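Visitor: The structure's right below; bear with me while I get my questions together.
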Amino acid sequence: MNELELKLRLPEDGRERLLADLRRGQVERVRLAARYFDTSDWLLARHAIALRLRREGRHWVQTLKAAGESVVERLEHNADAGFAKGGVTPALDISLHDGTPVGERLKALVQEAAADGTEPVLVEMYATDVVRTLRELRANGGRVEVAFDEGTILAGARQRPVCELELELKAGRPDALFSLAERWLVRHRLWLDVVPKSERGRLLATGHDALDAVRAQAPRLDRAMDGEALLRAVVASCLAQVLPNASEVAAGSQDEEHVHQLRVGIRRLRTALRELGEFSSAVNADWEPPLVEAFRALGGIRDQQAIARSIEPELAAAGAPDPSWPATAGTRESPADLVRDASFQQVLLALLAFVHRSPDADPTSNAPATNAAGPADADSNVGSNDGSTSGGDGVHQVLRRRLKRLHRSVERDGARFDKLAPEEQHRTRKRLKRLRYLAEFVTSLFDSRDVRRYLARLKPAQDALGKLNDHAVALQVYRDAAAHHAPAWFAVGWLTARRDGLVQACKRALDDAADAPRFWRKGKRKSG
């Protein structure tokens, strides 16, 4: 069966209040002791499959899970593995899952490994010991199981605490799950965490603190999709990048790549809503301000990291007396606090609801309960929509028109780039990024070789504009610092002297990008 489940983390001081809220109704308390199995080289984990034996009361239950269509959806099958007899763990029997979608996925993986001459041997890799307090609630005509898990993940001598809330849809439409989750999120200052216990266990067993940063993947689109389905697939693809990186940042990761890839994912999301938002009347303009705010705030952290990595060494090599990032620069908030922000989390939840919403759902059900105040970026607002869901050529005409418009804007800006004001040059960089992301979104609808060639022609311009942007940010920072820190004037002079050369490099790269063959022109169809 398909499991639709949300996992939410809570602040350290939120445990008692959340438990008190949960116990307002009839609850069940159960201890769940589980053992997770894999091969020594993590064959199952590498294919997003988890296999466990869990003692639930007087029974052992064998469970097989695999990644589903989205980051909050799983394929799952549970099988009774017999009565618990003392401390004896029953033997694994993967045939218990035969005939199920997830069982067939595991069987194919095992057969493929055996065909290569390696017979997979499943051994216990880590365990969990959790006390679950659960209650079933009704919302929007559906039933949702709300479970608070508290305990430990164990891998040899290593341990990691578990303290989280899980909400699983048991019956009814997905709207029930998301509307209930929003109420609990707001009431208890919770935040989404899409990294399951099985993955946390693997990280613990392998001595890692966090997942590797997740990069963007192009969505799988079908030419027969109507506009609504296409937009939902693109948003789901963006969330598949945003949510894992946001989970790690919220958990305390200071890794530069997590922050960078989170910002890339947010920009891709904003591009999807701006350029494709007309395909659905459910797109809510109130989603944009919290996305903008998170993007900009995380940008201050990213700027600090980027300058420390690239600008400071160049300044030091040029003989700067004190090239370090001025102490007054950057944001005061930690990356974790920025990501845990309630308005940002509500928008992520609303976007998940949009991806999973029922066809007959009220379009306004995807709106956050509390709209964040503040102006959006004037060049990046969510586009107006007319609710168009026409399929086939109608959708493709819109895509071609959008790609053509963005390409022409970049071409026009590139021709006079050295005459543009700095803010207009920055706008060109944003347009180029939107062009790139839109091209990546629709790769599967056109000849992928043509799309890759087109994107390769854009990359030098993107790199050149990125370098110019880093220098512009650094120049402003050191100018501000020079008022109270005289050595910063060296950096101001050095960065100013380099600007013209960087601008000319951008212009040359943009001129080359303007000549890239357009993969979207009529007559070009997906090969094969």
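Residue numbers start at 1 in each chain; chains themselves are named A, B, ... in the order of the structure tokens; ligands are numbered from 1 in the order shown.
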I'd like the contact shell of Lys197 (chain A) - 9 Å cut-off, only C-alpha atoms, skipping same-chain residues fewer than 2 positions apart - returned as a ChimeraX atom specification.
Guide: /A:128,153,162,195,199-202
Visitor: Quick check for you: according to DSSP on this backbone, which residues of region 39-155 of chain A are classed as helix (DSSP H, G or I)? Reply as a PyMOL selection string.
Guide: chain A and resi 43-46+94-97+101-115
Visitor: Hey, which bits of region 209-291 of chain A sit within 6 Å of region 331-342 of chain A, and for each residue what's the closest pair of atoms and how far apart in Å (one decimal), counting only C-alpha atoms, rows by chain and increasing number, as JSON lines?
Guide:
{"residue": "A:Val249", "atom": "CA", "partner": "A:Ala336", "partner_atom": "CA", "distance": 5.3}
{"residue": "A:Ala250", "atom": "CA", "partner": "A:Ala336", "partner_atom": "CA", "distance": 4.1}
{"residue": "A:Gly252", "atom": "CA", "partner": "A:Ala336", "partner_atom": "CA", "distance": 5.6}
Visitor: Which residues come within 9 Å of region 15-27 of chain A, counting only C-alpha atoms, excluding same-chain residues fewer than 2 positions away, as a list in words?
Guide: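 Near neighbours after the sequence-gap exclusion: Leu10, Pro11, Glu12, Asp13, Arg29, Thr133, Leu134, Arg135, Glu136, Leu137, Val146, Ala147, Phe148, Cys163, Trp184, Arg187 and His188 of chain A.
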Visitor: If we count only C-alpha atoms and set the cut-off at 12 Å, which residues sit around Lys404 (chain A), ignoring sequence neighbours fewer than 6 positions away in its own chain? Please answer as a list in words.
Guide: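 The residues that qualify are Glu275, Gln397, Val398, Val410, Glu411, Leu435, Leu438, Ala439, Ala514, Pro517, Arg518, Phe519, Trp520, Arg521 and Lys522 of chain A.
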Visitor: Pick the closest to Tyr126 (chain A) from A:Ala505, A:Ala472, A:Ala171, A:Ala50: which is it, counting only C-alpha atoms?
Guide: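 That would be A:Ala50, the residue with the smallest distance to Tyr126 (chain A).
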Visitor: Extract, using only C-alpha atoms, all DNA, RNA and protein residues at most 10 Å from region 267-274 of chain A, discarding same-chain residues fewer than 3 positions from it, and format them as a short mmCIF file (atom, residue, chain, number, x, y, z; two decimals) with all heavy atoms, in the first residue's frame.
Guide:
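And here is the file that came out, part_4.cif:
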data_model
loop_
_atom_site.label_atom_id
_atom_site.label_comp_id
_atom_site.auth_asym_id
_atom_site.auth_seq_id
_atom_site.Cartn_x
_atom_site.Cartn_y
_atom_site.Cartn_z
N ALA A 216 19.35 19.24 -7.41
CA ALA A 216 18.12 19.24 -8.21
C ALA A 216 18.12 18.09 -9.21
O ALA A 216 19.17 17.74 -9.77
CB ALA A 216 17.98 20.57 -8.95
N LEU A 231 2.44 21.22 -13.56
CA LEU A 231 2.91 22.11 -12.49
C LEU A 231 3.12 21.33 -11.19
O LEU A 231 4.11 21.52 -10.49
CB LEU A 231 1.92 23.25 -12.27
CG LEU A 231 2.24 24.19 -11.11
CD1 LEU A 231 3.62 24.83 -11.27
CD2 LEU A 231 1.17 25.28 -10.99
N ARG A 232 2.21 20.45 -10.88
CA ARG A 232 2.34 19.68 -9.64
C ARG A 232 3.58 18.79 -9.69
O ARG A 232 4.28 18.63 -8.69
CB ARG A 232 1.08 18.85 -9.41
CG ARG A 232 -0.10 19.70 -8.96
CD ARG A 232 -1.42 18.98 -9.04
NE ARG A 232 -1.51 17.85 -8.14
CZ ARG A 232 -2.61 17.11 -8.00
NH1 ARG A 232 -3.68 17.39 -8.71
NH2 ARG A 232 -2.63 16.11 -7.17
N VAL A 234 6.34 19.44 -11.37
CA VAL A 234 7.50 20.31 -11.25
C VAL A 234 7.69 20.75 -9.79
O VAL A 234 8.81 20.74 -9.27
CB VAL A 234 7.37 21.52 -12.18
CG1 VAL A 234 8.46 22.55 -11.89
CG2 VAL A 234 7.44 21.08 -13.64
N VAL A 235 6.60 21.13 -9.13
CA VAL A 235 6.69 21.54 -7.72
C VAL A 235 7.18 20.37 -6.86
O VAL A 235 8.01 20.54 -5.96
CB VAL A 235 5.34 22.07 -7.22
CG1 VAL A 235 5.36 22.25 -5.70
CG2 VAL A 235 5.00 23.38 -7.91
N ALA A 236 6.69 19.16 -7.14
CA ALA A 236 7.14 17.98 -6.39
C ALA A 236 8.64 17.78 -6.56
O ALA A 236 9.36 17.45 -5.61
CB ALA A 236 6.39 16.74 -6.86
N SER A 237 9.14 18.01 -7.78
CA SER A 237 10.57 17.89 -8.04
C SER A 237 11.36 18.92 -7.26
O SER A 237 12.43 18.62 -6.70
CB SER A 237 10.83 18.05 -9.55
OG SER A 237 12.20 18.16 -9.83
N CYS A 238 10.86 20.14 -7.18
CA CYS A 238 11.53 21.18 -6.41
C CYS A 238 11.55 20.83 -4.92
O CYS A 238 12.57 21.01 -4.24
CB CYS A 238 10.83 22.52 -6.62
SG CYS A 238 10.92 23.16 -8.31
N LEU A 239 10.43 20.34 -4.42
CA LEU A 239 10.36 19.97 -3.00
C LEU A 239 11.29 18.81 -2.67
O LEU A 239 11.78 18.71 -1.54
CB LEU A 239 8.92 19.62 -2.62
CG LEU A 239 7.93 20.79 -2.59
CD1 LEU A 239 6.51 20.28 -2.36
CD2 LEU A 239 8.31 21.80 -1.51
N GLN A 241 14.17 18.51 -3.60
CA GLN A 241 15.46 19.13 -3.29
C GLN A 241 15.38 19.98 -2.03
O GLN A 241 16.26 19.92 -1.15
CB GLN A 241 15.95 19.99 -4.45
CG GLN A 241 17.28 20.67 -4.19
CD GLN A 241 17.71 21.61 -5.29
OE1 GLN A 241 16.89 22.04 -6.11
NE2 GLN A 241 18.98 21.94 -5.34
N VAL A 242 14.32 20.76 -1.90
CA VAL A 242 14.20 21.69 -0.78
C VAL A 242 14.08 20.97 0.55
O VAL A 242 14.81 21.29 1.52
CB VAL A 242 12.98 22.62 -0.98
CG1 VAL A 242 12.68 23.40 0.30
CG2 VAL A 242 13.23 23.59 -2.13
N GLN A 261 22.29 24.43 -1.56
CA GLN A 261 21.30 23.65 -2.31
C GLN A 261 19.88 23.96 -1.86
O GLN A 261 18.93 23.89 -2.67
CB GLN A 261 21.59 22.15 -2.18
CG GLN A 261 22.87 21.70 -2.87
CD GLN A 261 22.85 21.99 -4.37
OE1 GLN A 261 21.80 21.97 -5.01
NE2 GLN A 261 24.03 22.24 -4.93
N LEU A 262 19.70 24.33 -0.60
CA LEU A 262 18.38 24.77 -0.15
C LEU A 262 17.98 26.04 -0.88
O LEU A 262 16.83 26.17 -1.34
CB LEU A 262 18.39 25.00 1.36
CG LEU A 262 17.12 25.60 1.98
CD1 LEU A 262 15.88 24.78 1.63
CD2 LEU A 262 17.28 25.72 3.50
N ARG A 263 18.89 26.99 -1.01
CA ARG A 263 18.59 28.24 -1.73
C ARG A 263 18.32 27.97 -3.21
O ARG A 263 17.42 28.57 -3.80
CB ARG A 263 19.73 29.24 -1.58
CG ARG A 263 19.89 29.78 -0.18
CD ARG A 263 20.92 30.88 -0.13
NE ARG A 263 20.40 32.14 -0.66
CZ ARG A 263 20.85 32.76 -1.75
NH1 ARG A 263 21.83 32.23 -2.47
NH2 ARG A 263 20.32 33.90 -2.13
N VAL A 264 19.09 27.07 -3.81
CA VAL A 264 18.83 26.71 -5.21
C VAL A 264 17.42 26.14 -5.34
O VAL A 264 16.66 26.50 -6.25
CB VAL A 264 19.87 25.68 -5.71
CG1 VAL A 264 19.46 25.12 -7.08
CG2 VAL A 264 21.25 26.32 -5.81
N GLY A 277 2.68 29.16 -13.03
CA GLY A 277 1.55 29.32 -12.12
C GLY A 277 0.21 29.48 -12.80
O GLY A 277 -0.82 29.16 -12.21
N GLU A 278 0.21 29.93 -14.04
CA GLU A 278 -1.07 30.12 -14.75
C GLU A 278 -1.78 28.80 -15.02
O GLU A 278 -2.96 28.79 -15.37
CB GLU A 278 -0.82 30.84 -16.07
CG GLU A 278 -0.06 30.04 -17.10
CD GLU A 278 0.20 30.85 -18.37
OE1 GLU A 278 1.17 31.63 -18.38
OE2 GLU A 278 -0.56 30.69 -19.33
N PHE A 279 -1.08 27.68 -14.84
CA PHE A 279 -1.70 26.39 -15.11
C PHE A 279 -2.67 25.94 -14.02
O PHE A 279 -3.37 24.95 -14.19
CB PHE A 279 -0.63 25.31 -15.30
CG PHE A 279 0.13 25.41 -16.59
CD1 PHE A 279 1.49 25.14 -16.62
CD2 PHE A 279 -0.49 25.77 -17.77
CE1 PHE A 279 2.20 25.23 -17.80
CE2 PHE A 279 0.20 25.86 -18.96
CZ PHE A 279 1.56 25.59 -18.98
N SER A 280 -2.67 26.61 -12.87
CA SER A 280 -3.53 26.16 -11.77
C SER A 280 -4.11 27.33 -11.00
O SER A 280 -3.38 28.24 -10.58
CB SER A 280 -2.73 25.26 -10.81
OG SER A 280 -3.52 24.91 -9.69
N VAL A 283 -2.74 27.98 -7.19
CA VAL A 283 -1.50 28.67 -6.82
C VAL A 283 -1.86 29.93 -6.04
O VAL A 283 -2.68 30.73 -6.46
CB VAL A 283 -0.68 29.02 -8.08
CG1 VAL A 283 0.47 29.95 -7.73
CG2 VAL A 283 -0.16 27.75 -8.74
N ASN A 284 -1.21 30.08 -4.90
CA ASN A 284 -1.54 31.16 -3.97
C ASN A 284 -0.40 32.17 -3.93
O ASN A 284 0.75 31.82 -3.62
CB ASN A 284 -1.76 30.56 -2.58
CG ASN A 284 -2.31 31.55 -1.59
OD1 ASN A 284 -2.14 32.76 -1.74
ND2 ASN A 284 -2.97 31.06 -0.55
N ALA A 285 -0.69 33.41 -4.24
CA ALA A 285 0.34 34.46 -4.23
C ALA A 285 0.95 34.66 -2.85
O ALA A 285 2.07 35.17 -2.73
CB ALA A 285 -0.26 35.78 -4.73
N TRP A 287 2.17 32.47 -1.03
CA TRP A 287 3.30 31.58 -0.83
C TRP A 287 4.63 32.32 -1.05
O TRP A 287 5.65 31.94 -0.49
CB TRP A 287 3.23 30.39 -1.79
CG TRP A 287 2.09 29.48 -1.57
CD1 TRP A 287 1.31 29.37 -0.45
CD2 TRP A 287 1.56 28.53 -2.50
NE1 TRP A 287 0.34 28.41 -0.63
CE2 TRP A 287 0.46 27.89 -1.88
CE3 TRP A 287 1.90 28.16 -3.80
CZ2 TRP A 287 -0.27 26.88 -2.51
CZ3 TRP A 287 1.17 27.17 -4.44
CH2 TRP A 287 0.09 26.54 -3.80
N GLU A 288 4.61 33.32 -1.90
CA GLU A 288 5.85 33.95 -2.33
C GLU A 288 6.61 34.70 -1.23
O GLU A 288 7.82 34.51 -1.09
CB GLU A 288 5.56 34.88 -3.52
CG GLU A 288 6.75 35.71 -3.99
CD GLU A 288 7.76 34.94 -4.83
OE1 GLU A 288 7.67 33.70 -4.89
OE2 GLU A 288 8.64 35.58 -5.41
N LEU A 291 8.87 32.57 1.00
CA LEU A 291 9.95 31.99 0.22
C LEU A 291 11.04 33.03 -0.05
O LEU A 291 12.24 32.74 0.04
CB LEU A 291 9.42 31.42 -1.10
CG LEU A 291 8.49 30.22 -1.01
CD1 LEU A 291 7.97 29.84 -2.39
CD2 LEU A 291 9.20 29.02 -0.38
N VAL A 292 10.62 34.24 -0.37
CA VAL A 292 11.56 35.33 -0.61
C VAL A 292 12.35 35.63 0.66
O VAL A 292 13.58 35.79 0.63
CB VAL A 292 10.84 36.60 -1.10
CG1 VAL A 292 11.78 37.80 -1.15
CG2 VAL A 292 10.23 36.36 -2.48
N PHE A 295 14.85 32.91 1.39
CA PHE A 295 15.91 32.94 0.38
C PHE A 295 16.91 34.05 0.68
O PHE A 295 18.13 33.85 0.64
CB PHE A 295 15.29 33.12 -1.00
CG PHE A 295 16.28 33.12 -2.13
CD1 PHE A 295 16.75 31.94 -2.66
CD2 PHE A 295 16.75 34.32 -2.66
CE1 PHE A 295 17.67 31.94 -3.70
CE2 PHE A 295 17.67 34.33 -3.69
CZ PHE A 295 18.13 33.13 -4.22
N LEU A 351 2.65 23.74 -0.04
CA LEU A 351 3.11 23.25 -1.34
C LEU A 351 3.01 21.73 -1.41
O LEU A 351 2.66 21.17 -2.46
CB LEU A 351 4.54 23.71 -1.59
CG LEU A 351 4.69 25.20 -1.90
CD1 LEU A 351 6.12 25.67 -1.71
CD2 LEU A 351 4.22 25.50 -3.32
N ASP A 379 10.73 41.42 -9.27
CA ASP A 379 11.07 40.71 -10.50
C ASP A 379 10.84 39.21 -10.38
O ASP A 379 11.19 38.46 -11.24
CB ASP A 379 12.55 40.96 -10.86
CG ASP A 379 12.85 40.57 -12.30
OD1 ASP A 379 12.04 40.90 -13.16
OD2 ASP A 379 13.89 39.93 -12.53
N SER A 380 10.26 38.79 -9.24
CA SER A 380 10.12 37.34 -9.02
C SER A 380 8.77 36.96 -8.46
O SER A 380 8.62 35.92 -7.85
CB SER A 380 11.23 36.87 -8.07
OG SER A 380 12.48 37.19 -8.57
N ASN A 381 7.76 37.81 -8.61
CA ASN A 381 6.45 37.50 -8.06
C ASN A 381 5.83 36.30 -8.74
O ASN A 381 6.09 36.02 -9.91
CB ASN A 381 5.48 38.69 -8.24
CG ASN A 381 5.82 39.82 -7.29
OD1 ASN A 381 6.50 39.62 -6.30
ND2 ASN A 381 5.36 41.01 -7.61
N VAL A 382 4.98 35.61 -8.01
CA VAL A 382 4.21 34.53 -8.62
C VAL A 382 3.33 35.13 -9.70
O VAL A 382 2.63 36.11 -9.49
CB VAL A 382 3.33 33.83 -7.57
CG1 VAL A 382 2.44 32.80 -8.22
CG2 VAL A 382 4.20 33.17 -6.51
N GLY A 383 3.36 34.52 -10.88
CA GLY A 383 2.57 35.05 -11.98
C GLY A 383 1.09 34.86 -11.75
O GLY A 383 0.66 33.95 -11.06
N SER A 384 0.28 35.72 -12.33
CA SER A 384 -1.16 35.55 -12.23
C SER A 384 -1.55 34.30 -12.98
O SER A 384 -0.88 33.88 -13.92
CB SER A 384 -1.87 36.77 -12.83
OG SER A 384 -1.54 36.90 -14.20
N ASN A 385 -2.65 33.69 -12.56
CA ASN A 385 -3.06 32.46 -13.23
C ASN A 385 -4.53 32.55 -13.61
O ASN A 385 -5.31 33.26 -13.01
CB ASN A 385 -2.80 31.24 -12.35
CG ASN A 385 -3.65 31.24 -11.10
OD1 ASN A 385 -4.85 30.99 -11.19
ND2 ASN A 385 -3.06 31.54 -9.96
N LYS A 430 19.23 37.00 -12.51
CA LYS A 430 18.01 36.30 -12.07
C LYS A 430 17.24 35.77 -13.27
O LYS A 430 16.70 34.65 -13.23
CB LYS A 430 17.14 37.24 -11.24
CG LYS A 430 17.76 37.60 -9.89
CD LYS A 430 16.76 38.23 -8.95
CE LYS A 430 16.32 39.60 -9.40
NZ LYS A 430 15.43 40.24 -8.41
N ARG A 431 17.16 36.54 -14.34
CA ARG A 431 16.46 36.07 -15.54
C ARG A 431 17.16 34.86 -16.15
O ARG A 431 16.51 33.91 -16.61
CB ARG A 431 16.38 37.21 -16.57
CG ARG A 431 15.36 38.28 -16.22
CD ARG A 431 15.44 39.43 -17.20
NE ARG A 431 14.33 40.36 -17.01
CZ ARG A 431 14.25 41.55 -17.59
NH1 ARG A 431 15.22 41.97 -18.40
NH2 ARG A 431 13.20 42.33 -17.37
N LYS A 433 18.94 32.65 -14.57
CA LYS A 433 18.65 31.50 -13.72
C LYS A 433 17.25 30.95 -13.99
O LYS A 433 17.04 29.74 -14.05
CB LYS A 433 18.80 31.88 -12.24
CG LYS A 433 20.25 31.95 -11.76
CD LYS A 433 20.31 32.28 -10.29
CE LYS A 433 21.75 32.25 -9.80
NZ LYS A 433 22.28 30.87 -9.74
N ARG A 434 16.27 31.85 -14.13
CA ARG A 434 14.91 31.37 -14.42
C ARG A 434 14.87 30.64 -15.76
O ARG A 434 14.18 29.63 -15.90
CB ARG A 434 13.92 32.54 -14.41
CG ARG A 434 13.70 33.14 -13.03
CD ARG A 434 12.33 33.78 -12.90
NE ARG A 434 12.06 34.76 -13.92
CZ ARG A 434 12.36 36.05 -13.83
NH1 ARG A 434 13.01 36.50 -12.76
NH2 ARG A 434 12.05 36.89 -14.79
N LEU A 435 15.59 31.15 -16.74
CA LEU A 435 15.65 30.50 -18.04
C LEU A 435 16.25 29.11 -17.90
O LEU A 435 15.73 28.13 -18.46
CB LEU A 435 16.48 31.35 -19.00
CG LEU A 435 16.75 30.76 -20.39
CD1 LEU A 435 15.45 30.47 -21.13
CD2 LEU A 435 17.64 31.71 -21.20
N ARG A 436 17.34 29.02 -17.16
CA ARG A 436 17.99 27.72 -16.97
C ARG A 436 17.05 26.74 -16.27
O ARG A 436 16.90 25.58 -16.70
CB ARG A 436 19.26 27.90 -16.15
CG ARG A 436 19.88 26.58 -15.71
CD ARG A 436 20.85 26.78 -14.58
NE ARG A 436 21.16 25.53 -13.92
CZ ARG A 436 21.86 25.42 -12.80
NH1 ARG A 436 22.30 26.52 -12.20
NH2 ARG A 436 22.09 24.25 -12.25
N TYR A 437 16.41 27.18 -15.18
CA TYR A 437 15.56 26.26 -14.43
C TYR A 437 14.35 25.83 -15.25
O TYR A 437 13.96 24.65 -15.22
CB TYR A 437 15.10 26.90 -13.12
CG TYR A 437 16.23 27.20 -12.16
CD1 TYR A 437 16.18 28.31 -11.32
CD2 TYR A 437 17.35 26.37 -12.09
CE1 TYR A 437 17.22 28.59 -10.44
CE2 TYR A 437 18.38 26.65 -11.20
CZ TYR A 437 18.31 27.76 -10.39
OH TYR A 437 19.34 28.03 -9.53
N LEU A 438 13.76 26.75 -15.99
CA LEU A 438 12.61 26.38 -16.81
C LEU A 438 13.02 25.36 -17.87
O LEU A 438 12.28 24.40 -18.14
CB LEU A 438 12.00 27.63 -17.46
CG LEU A 438 10.72 27.40 -18.27
CD1 LEU A 438 9.63 26.75 -17.43
CD2 LEU A 438 10.22 28.71 -18.86
N GLU A 440 15.45 23.21 -17.58
CA GLU A 440 15.64 21.94 -16.88
C GLU A 440 14.31 21.27 -16.57
O GLU A 440 14.18 20.05 -16.69
CB GLU A 440 16.42 22.18 -15.60
CG GLU A 440 17.89 22.54 -15.81
CD GLU A 440 18.61 22.90 -14.53
OE1 GLU A 440 17.92 23.15 -13.50
OE2 GLU A 440 19.84 22.92 -14.55
N PHE A 441 13.31 22.05 -16.17
CA PHE A 441 12.00 21.49 -15.84
C PHE A 441 11.43 20.70 -17.01
O PHE A 441 10.83 19.64 -16.81
CB PHE A 441 11.01 22.60 -15.48
CG PHE A 441 11.29 23.30 -14.18
CD1 PHE A 441 10.82 24.59 -13.97
CD2 PHE A 441 12.01 22.69 -13.16
CE1 PHE A 441 11.07 25.26 -12.78
CE2 PHE A 441 12.28 23.35 -11.97
CZ PHE A 441 11.80 24.65 -11.78
#
Visitor: Give me the residues near Pro326 (chain A) as a ChimeraX atom specification, where near means some atom within 8 Å (using only C-alpha atoms) and where sequence neighbours in that chain fewer than 6 positions away do not count.
Guide: /A:477-478,481
Visitor: Atoms to include: all heavy atoms. Write the selected residues as an mmCIF file, in the first residue's frame.
Guide:
data_model
loop_
_atom_site.group_PDB
_atom_site.id
_atom_site.type_symbol
_atom_site.label_atom_id
_atom_site.label_comp_id
_atom_site.auth_asym_id
_atom_site.auth_seq_id
_atom_site.Cartn_x
_atom_site.Cartn_y
_atom_site.Cartn_z
ATOM 1 N N VAL A 477 30.073 45.050 1.343
ATOM 2 C CA VAL A 477 30.423 44.690 2.712
ATOM 3 C C VAL A 477 31.671 45.446 3.166
ATOM 4 O O VAL A 477 31.709 46.032 4.260
ATOM 5 C CB VAL A 477 30.640 43.164 2.823
ATOM 6 C CG1 VAL A 477 31.308 42.805 4.158
ATOM 7 C CG2 VAL A 477 29.306 42.429 2.712
ATOM 8 N N TYR A 478 32.703 45.434 2.334
ATOM 9 C CA TYR A 478 33.947 46.100 2.732
ATOM 10 C C TYR A 478 33.796 47.620 2.730
ATOM 11 O O TYR A 478 34.436 48.308 3.536
ATOM 12 C CB TYR A 478 35.090 45.658 1.820
ATOM 13 C CG TYR A 478 35.566 44.258 2.111
ATOM 14 C CD1 TYR A 478 35.273 43.194 1.255
ATOM 15 C CD2 TYR A 478 36.298 43.979 3.257
ATOM 16 C CE1 TYR A 478 35.700 41.904 1.528
ATOM 17 C CE2 TYR A 478 36.737 42.689 3.543
ATOM 18 C CZ TYR A 478 36.433 41.658 2.673
ATOM 19 O OH TYR A 478 36.849 40.377 2.953
ATOM 20 N N ALA A 481 32.305 48.365 5.994
ATOM 21 C CA ALA A 481 33.267 48.146 7.070
ATOM 22 C C ALA A 481 34.334 49.240 7.119
ATOM 23 O O ALA A 481 34.878 49.541 8.192
ATOM 24 C CB ALA A 481 33.938 46.787 6.897
#
Visitor: Hey, what's within 12 Å of Gly87 (chain A) if we count only C-alpha atoms and toss same-chain stuff fewer than 6 positions away? As number ranges by chain, please?
Guide: A: 33, 55, 58-60
Visitor: Would you mind exporting N, CA, C and O atoms of the selected residues as a PDB file, in the first residue's frame?
Guide:
ATOM      1  N   ALA A  33      10.221  -1.869  19.554  1.00  0.00           N
ATOM      2  CA  ALA A  33      11.645  -2.197  19.455  1.00  0.00           C
ATOM      3  C   ALA A  33      11.885  -2.818  18.086  1.00  0.00           C
ATOM      4  O   ALA A  33      11.335  -3.886  17.776  1.00  0.00           O
ATOM      5  N   ARG A  55       9.078  -5.434  17.152  1.00  0.00           N
ATOM      6  CA  ARG A  55       8.218  -6.065  18.163  1.00  0.00           C
ATOM      7  C   ARG A  55       7.162  -5.064  18.578  1.00  0.00           C
ATOM      8  O   ARG A  55       7.462  -3.982  19.087  1.00  0.00           O
ATOM      9  N   ARG A  58       2.788  -8.270  21.625  1.00  0.00           N
ATOM     10  CA  ARG A  58       3.089  -9.700  21.676  1.00  0.00           C
ATOM     11  C   ARG A  58       3.480 -10.262  20.320  1.00  0.00           C
ATOM     12  O   ARG A  58       3.704 -11.467  20.178  1.00  0.00           O
ATOM     13  N   HIS A  59       3.533  -9.409  19.300  1.00  0.00           N
ATOM     14  CA  HIS A  59       3.832  -9.888  17.949  1.00  0.00           C
ATOM     15  C   HIS A  59       5.074  -9.215  17.378  1.00  0.00           C
ATOM     16  O   HIS A  59       5.431  -8.097  17.746  1.00  0.00           O
ATOM     17  N   TRP A  60       5.724  -9.939  16.465  1.00  0.00           N
ATOM     18  CA  TRP A  60       6.739  -9.345  15.611  1.00  0.00           C
ATOM     19  C   TRP A  60       6.097  -9.026  14.267  1.00  0.00           C
ATOM     20  O   TRP A  60       5.326  -9.827  13.726  1.00  0.00           O
TER      21      TRP A  60
END
Visitor: So how many Å separate CA of Trp191 (chain A) and CA of Leu352 (chain A), to one decimal?
Guide: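 We find that CA of Trp191 (chain A) and CA of Leu352 (chain A) lie 13.4 Å from each other.
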Visitor: I need the residue nearest Arg223 (chain A) from this list: A:Phe446, A:Phe37, A:Phe344, A:Phe178. Use only C-alpha atoms for the distance.
Guide: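 Between A:Phe446, A:Phe37, A:Phe344, A:Phe178, the residue approaching Arg223 (chain A) most closely is A:Phe446.
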